[in-house]
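query_13.txt (compact mmCIF, C-alpha atoms and all ligand atoms)
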```txt
# COMPACT_ATOMS: atom_id res chain seq x y z
CA MET A 1 7.24 0.14 -36.65
CA SER A 2 9.92 -2.54 -36.89
CA PHE A 3 9.84 -5.78 -34.92
CA LEU A 4 12.96 -4.65 -33.01
CA THR A 5 11.25 -1.38 -31.96
CA ILE A 6 8.20 -3.28 -30.68
CA ILE A 7 10.42 -5.67 -28.69
CA SER A 8 12.37 -2.70 -27.26
CA ILE A 9 9.14 -0.98 -26.16
CA ILE A 10 7.82 -4.16 -24.51
CA PHE A 11 11.17 -4.62 -22.75
CA ALA A 12 11.18 -0.98 -21.55
CA ILE A 13 7.62 -1.33 -20.18
CA PHE A 14 8.58 -4.56 -18.43
CA ILE A 15 11.63 -2.92 -16.82
CA LEU A 16 9.53 0.08 -15.74
CA PHE A 17 6.89 -2.10 -14.12
CA TYR A 18 9.04 -4.83 -12.62
CA GLY A 19 12.78 -4.27 -13.03
CA ILE A 20 13.51 -1.77 -10.28
CA PHE A 21 11.47 -3.78 -7.80
CA ALA A 22 13.96 -6.62 -7.79
CA PHE A 23 15.90 -4.26 -5.52
CA THR A 24 13.28 -2.10 -3.84
CA GLY A 25 10.19 -4.16 -3.02
CA ALA A 26 7.12 -5.96 -4.29
CA PRO A 27 6.35 -5.86 -8.03
CA TYR A 28 3.02 -4.57 -9.25
CA VAL A 29 0.19 -7.06 -8.66
CA PRO A 30 -3.14 -5.50 -7.61
CA SER A 31 -5.24 -6.71 -4.66
CA HIS A 32 -8.55 -8.29 -5.63
CA LYS A 33 -11.33 -5.70 -5.64
CA GLN A 34 -13.82 -7.99 -3.88
CA GLU A 35 -11.30 -8.83 -1.16
CA ILE A 36 -10.68 -5.14 -0.44
CA GLU A 37 -14.44 -4.52 -0.26
CA LEU A 38 -14.81 -7.35 2.26
CA LEU A 39 -11.82 -6.12 4.28
CA PHE A 40 -13.23 -2.62 4.70
CA LYS A 41 -16.68 -4.00 5.44
CA ASN A 42 -15.95 -6.91 7.77
CA LEU A 43 -12.40 -6.97 9.16
CA TYR A 44 -11.81 -3.25 9.61
CA PRO A 45 -15.02 -1.32 8.90
CA LEU A 46 -13.89 2.05 7.56
CA SER A 47 -15.49 5.35 8.51
CA LYS A 48 -15.05 9.04 7.78
CA LYS A 49 -12.63 9.21 10.72
CA ASP A 50 -10.12 6.91 9.01
CA HIS A 51 -7.05 7.81 7.01
CA VAL A 52 -5.68 4.84 5.05
CA ILE A 53 -2.06 4.76 3.89
CA ASP A 54 -1.40 2.23 1.12
CA LEU A 55 2.31 1.42 1.05
CA GLY A 56 2.97 0.78 -2.65
CA SER A 57 -0.39 1.86 -4.02
CA GLY A 58 -0.03 0.45 -7.56
CA ASP A 59 -3.01 1.31 -9.76
CA GLY A 60 -4.90 2.89 -6.83
CA ILE A 61 -7.62 0.26 -6.36
CA VAL A 62 -7.24 0.20 -2.54
CA LEU A 63 -7.37 4.00 -2.39
CA LYS A 64 -10.50 4.08 -4.55
CA ILE A 65 -12.39 1.60 -2.37
CA ALA A 66 -11.21 3.25 0.86
CA ALA A 67 -12.47 6.62 -0.39
CA GLU A 68 -15.78 5.05 -1.43
CA HIS A 69 -16.16 3.96 2.21
CA GLY A 70 -15.79 7.60 3.28
CA ALA A 71 -12.17 7.49 4.45
CA LYS A 72 -9.25 9.67 3.44
CA ALA A 73 -6.67 7.69 1.47
CA THR A 74 -3.01 8.28 0.62
CA GLY A 75 -1.00 6.04 -1.66
CA ILE A 76 2.79 5.97 -1.70
CA GLU A 77 4.10 4.63 -4.99
CA LEU A 78 7.66 4.50 -6.27
CA ASN A 79 6.80 3.74 -9.87
CA PRO A 80 5.91 7.03 -11.65
CA VAL A 81 3.99 5.22 -14.41
CA LEU A 82 1.69 3.52 -11.88
CA ALA A 83 1.38 6.72 -9.84
CA THR A 84 0.27 8.60 -12.97
CA ILE A 85 -2.21 5.88 -13.95
CA SER A 86 -3.70 5.88 -10.45
CA ARG A 87 -3.90 9.69 -10.34
CA LEU A 88 -5.85 9.64 -13.61
CA ARG A 89 -8.09 6.87 -12.31
CA LEU A 90 -8.78 8.81 -9.09
CA LYS A 91 -9.21 12.22 -10.69
CA LYS A 92 -12.87 12.44 -9.69
CA THR A 93 -12.47 10.76 -6.30
CA LYS A 94 -12.42 13.03 -3.25
CA ASN A 95 -10.01 12.78 -0.30
CA VAL A 96 -7.39 10.78 -2.20
CA GLU A 97 -3.76 11.55 -3.03
CA VAL A 98 -0.86 9.63 -4.52
CA VAL A 99 2.69 10.51 -3.49
CA ILE A 100 5.58 9.39 -5.70
CA GLN A 101 8.14 8.30 -3.12
CA ASN A 102 9.94 5.33 -1.64
CA PHE A 103 7.67 4.34 1.24
CA TYR A 104 10.61 3.66 3.55
CA SER A 105 11.38 7.39 3.62
CA TYR A 106 7.75 8.55 3.86
CA HIS A 107 6.51 10.01 7.16
CA PHE A 108 2.91 9.08 7.90
CA PRO A 109 0.59 12.02 8.61
CA LYS A 110 -0.76 12.45 12.15
CA SER A 111 -4.27 11.57 10.90
CA THR A 112 -3.17 8.04 9.84
CA THR A 113 -5.31 5.30 11.35
CA ILE A 114 -4.63 2.24 9.18
CA VAL A 115 -1.75 1.13 6.97
CA TYR A 116 -2.35 -1.30 4.08
CA LEU A 117 0.38 -3.52 2.69
CA PHE A 118 0.43 -6.00 -0.16
CA GLY A 119 4.14 -6.61 -0.17
CA LEU A 120 6.64 -9.40 -0.25
CA ASP A 121 7.35 -11.94 2.46
CA ARG A 122 11.04 -11.08 2.39
CA ASP A 123 10.32 -7.38 3.14
CA PHE A 124 7.87 -7.97 5.97
CA LYS A 125 10.24 -7.40 8.91
CA ARG A 126 11.46 -4.13 7.43
CA MET A 127 7.90 -2.95 6.76
CA GLU A 128 6.83 -3.93 10.26
CA ALA A 129 9.73 -1.90 11.69
CA LYS A 130 8.71 1.05 9.51
CA VAL A 131 5.12 1.00 10.84
CA GLN A 132 6.39 0.62 14.44
CA ASN A 133 8.77 3.59 14.00
CA GLU A 134 5.94 5.73 12.65
CA ALA A 135 3.64 4.72 15.53
CA ASN A 136 6.45 5.73 17.93
CA ARG A 137 7.11 9.02 16.13
CA LEU A 138 3.40 9.94 16.05
CA ASN A 139 2.87 8.52 19.54
CA LYS A 140 -0.28 6.88 18.23
CA THR A 141 -1.65 3.36 17.84
CA LEU A 142 -1.87 2.35 14.19
CA TYR A 143 -3.66 -0.55 12.58
CA PHE A 144 -1.63 -2.44 10.03
CA VAL A 145 -3.28 -4.78 7.56
CA SER A 146 -1.32 -7.19 5.41
CA TYR A 147 -2.72 -8.96 2.36
CA GLY A 148 -1.44 -12.49 1.90
CA PHE A 149 1.51 -12.39 4.28
CA GLU A 150 1.69 -12.96 8.01
CA SER A 151 4.12 -11.21 10.32
CA PRO A 152 6.98 -13.44 11.49
CA THR A 153 6.91 -11.71 14.91
CA MET A 154 3.56 -10.04 15.64
CA LYS A 155 0.36 -11.82 16.60
CA PRO A 156 -2.64 -10.69 14.52
CA GLU A 157 -5.58 -9.06 16.31
CA LYS A 158 -7.86 -10.63 13.71
CA THR A 159 -7.61 -12.55 10.47
CA TYR A 160 -10.11 -12.70 7.64
CA ARG A 161 -9.70 -14.48 4.32
CA ALA A 162 -6.19 -13.52 3.13
CA TYR A 163 -5.91 -10.56 5.51
CA PHE A 164 -3.99 -10.23 8.79
CA LEU A 165 -4.81 -7.24 11.00
CA TYR A 166 -2.24 -6.01 13.54
CA LYS A 167 -2.43 -3.31 16.19
CA VAL A 168 0.85 -1.43 16.46
CA THR A 169 1.11 0.52 19.70
CA PRO A 170 3.79 3.16 20.27
CA LYS A 171 6.86 2.11 22.20
CA ILE A 172 8.88 4.53 24.27
CA ILE A 173 12.57 4.02 23.47
C1 LIG A 201 1.85 -5.93 -4.91
S1 LIG A 201 1.64 -4.26 -5.52
C2 LIG A 201 0.27 -3.73 -4.53
C3 LIG A 201 -0.50 -2.58 -5.14
C4 LIG A 201 -1.70 -2.10 -4.30
N1 LIG A 201 -1.31 -1.79 -2.94
C5 LIG A 201 -2.77 -3.15 -4.27
O1 LIG A 201 -2.87 -3.83 -3.22
O2 LIG A 201 -3.48 -3.33 -5.26
C6 LIG A 201 3.05 -3.49 -4.71
C7 LIG A 201 3.31 -2.05 -5.17
O3 LIG A 201 4.34 -1.51 -4.34
C8 LIG A 201 5.16 -0.65 -5.14
N2 LIG A 201 6.44 -0.55 -4.43
C9 LIG A 201 7.36 -1.53 -4.24
N3 LIG A 201 8.40 -1.08 -3.50
C10 LIG A 201 8.11 0.21 -3.18
C11 LIG A 201 8.78 1.20 -2.40
N4 LIG A 201 9.94 0.94 -1.79
N5 LIG A 201 8.19 2.40 -2.26
C12 LIG A 201 6.99 2.69 -2.87
N6 LIG A 201 6.31 1.79 -3.62
C13 LIG A 201 6.86 0.56 -3.78
C14 LIG A 201 5.20 -1.35 -6.49
O4 LIG A 201 5.47 -0.45 -7.53
C15 LIG A 201 3.79 -1.92 -6.60
O5 LIG A 201 2.94 -1.02 -7.27
```

Since I need it in another form, could you write the structure as structure tokens?
Amino acid sequence: MSFLTIISIIFAIFILFYGIFAFTGAPYVPSHKQEIELLFKNLYPLSKKDHVIDLGSGDGIVLKIAAEHGAKATGIELNPVLATISRLRLKKTKNVEVVIQNFYSYHFPKSTTIVYLFGLDRDFKRMEAKVQNEANRLNKTLYFVSYGFESPTMKPEKTYRAYFLYKVTPKII
């Protein structure tokens, strides 16, 4: 394999992982495993009754830990490479699915209880509006947990380490 071919492959992988996200949303950086464990143990203890939606599920680490806590977990991931990697990783894990879709156009299922986001600061308002719209559409209160970023408008119910937990109640418009 020539040097030029190797450089082209590295460039193509880089574009696949990061390029499109300059326009669509956060690039791929996984949440820390230990932090997710602590979140689902201490800030929002998960149970079998929960259905977690991970907006931009990356390599599937959040889905894996959520399922290990007994919850159902759905990841929405735009990048087909990451979606495929996570599907392979979660092959033996029950109650987990990964949907290849832009999360802005995804309709949350009625069973949704908590929405996980590790996004970008600049996208927060849009994401917040998305969760509010889904709570309105489902006529259901949803919990919304953000890793690393605080809402510019909502007051968190609780905070823990790098997590902010919000309660999004439906609004009649
Ligand atoms: C910071 S990573 C977080 C991954 C995972 N949630 C975690 O916490 O480990 C953000 C992910 O969102 C995905 N993403 C960005 N914009 C998206 C969009 N509009 N729709 C679906 N996925 C998106 C990226 O491909 C990336 O995998």

Within 7 Å of ligand LIG 201 (chain A), counting only C-alpha atoms and all ligand atoms, residues as a ChimeraX atom specification: /A:17,21,24-31,54-62,76-79,82,101-104,117-119

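For the residues A:Lys94, A:Lys125, A:Lys33, A:Lys155, ranking by smallest atom-to-atom distance to A:Glu68 using all atoms listed in the file places A:Lys94 first.
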
Exercise: A:Arg87 partners within 10 Å, only C-alpha atoms, chain neighbours under 6 positions left out, as a list in words: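 After dropping sequence-adjacent residues, the list is Asp59, Gly60, Gly75, Val81, Thr93, Val96, Glu97, Val98 and Val99 of chain A.
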
Selection file, C-alpha atoms, as an mmCIF file, in the frame of the given file:
```
data_model
loop_
_atom_site.group_PDB
_atom_site.id
_atom_site.type_symbol
_atom_site.label_atom_id
_atom_site.label_comp_id
_atom_site.auth_asym_id
_atom_site.auth_seq_id
_atom_site.Cartn_x
_atom_site.Cartn_y
_atom_site.Cartn_z
ATOM 1 C CA ASP A 59 -3.010 1.310 -9.760
ATOM 2 C CA GLY A 60 -4.900 2.890 -6.830
ATOM 3 C CA GLY A 75 -1.000 6.040 -1.660
ATOM 4 C CA VAL A 81 3.990 5.220 -14.410
ATOM 5 C CA THR A 93 -12.470 10.760 -6.300
ATOM 6 C CA VAL A 96 -7.390 10.780 -2.200
ATOM 7 C CA GLU A 97 -3.760 11.550 -3.030
ATOM 8 C CA VAL A 98 -0.860 9.630 -4.520
ATOM 9 C CA VAL A 99 2.690 10.510 -3.490
#
```

Which distance in Å separates atom CA of A:Leu90 and atom CA of A:Tyr116, to one decimal?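 So the answer is 17.8 Å.
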
Interatomic distance between atom CA of A:Leu120 and atom CA of A:His69?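 Pair atom CA of A:Leu120 / atom CA of A:His69 returns 26.5 Å.
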
Quick one: distance from atom CA of A:Leu138 to atom CA of A:Ala162 in Å, one decimal?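 Rounded to one decimal, the two atoms are 28.4 Å apart.
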
As JSON, please report the centre and edge lengths, rounded to one decimal in Å, of the axis-aligned box that holds all listed atoms of stretch 147-150 of chain A with 6 Å of padding on each of the six sides.
```
{"center_x": -0.5, "center_y": -11.0, "center_z": 5.0, "size_x": 16.4, "size_y": 16.0, "size_z": 18.1}
```

Closest of A:Gln132, A:Thr112, A:Asn139, A:Ser86 to A:Tyr166 - atom-to-atom distances counting only C-alpha atoms: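 Of all the options, A:Gln132 lies closest to A:Tyr166.
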
Point out the residue among A:Glu37, A:Asp50, A:Asp123, A:Glu150 with the least atom-to-atom distance to A:Leu165, counting all atoms listed in the file.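 Selected residue with least distance to A:Leu165: A:Glu150.
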
Residues within 10 Å of stretch 142-145 of chain A, please, as an MDAnalysis selection string. Count all atoms listed in the file; anything in the same chain fewer than 2 positions from it doesn't count. chainID A and resid 39 43:44 52:54 112:118 128 131:132 134:136 138:140 147:150 156:159 163:170
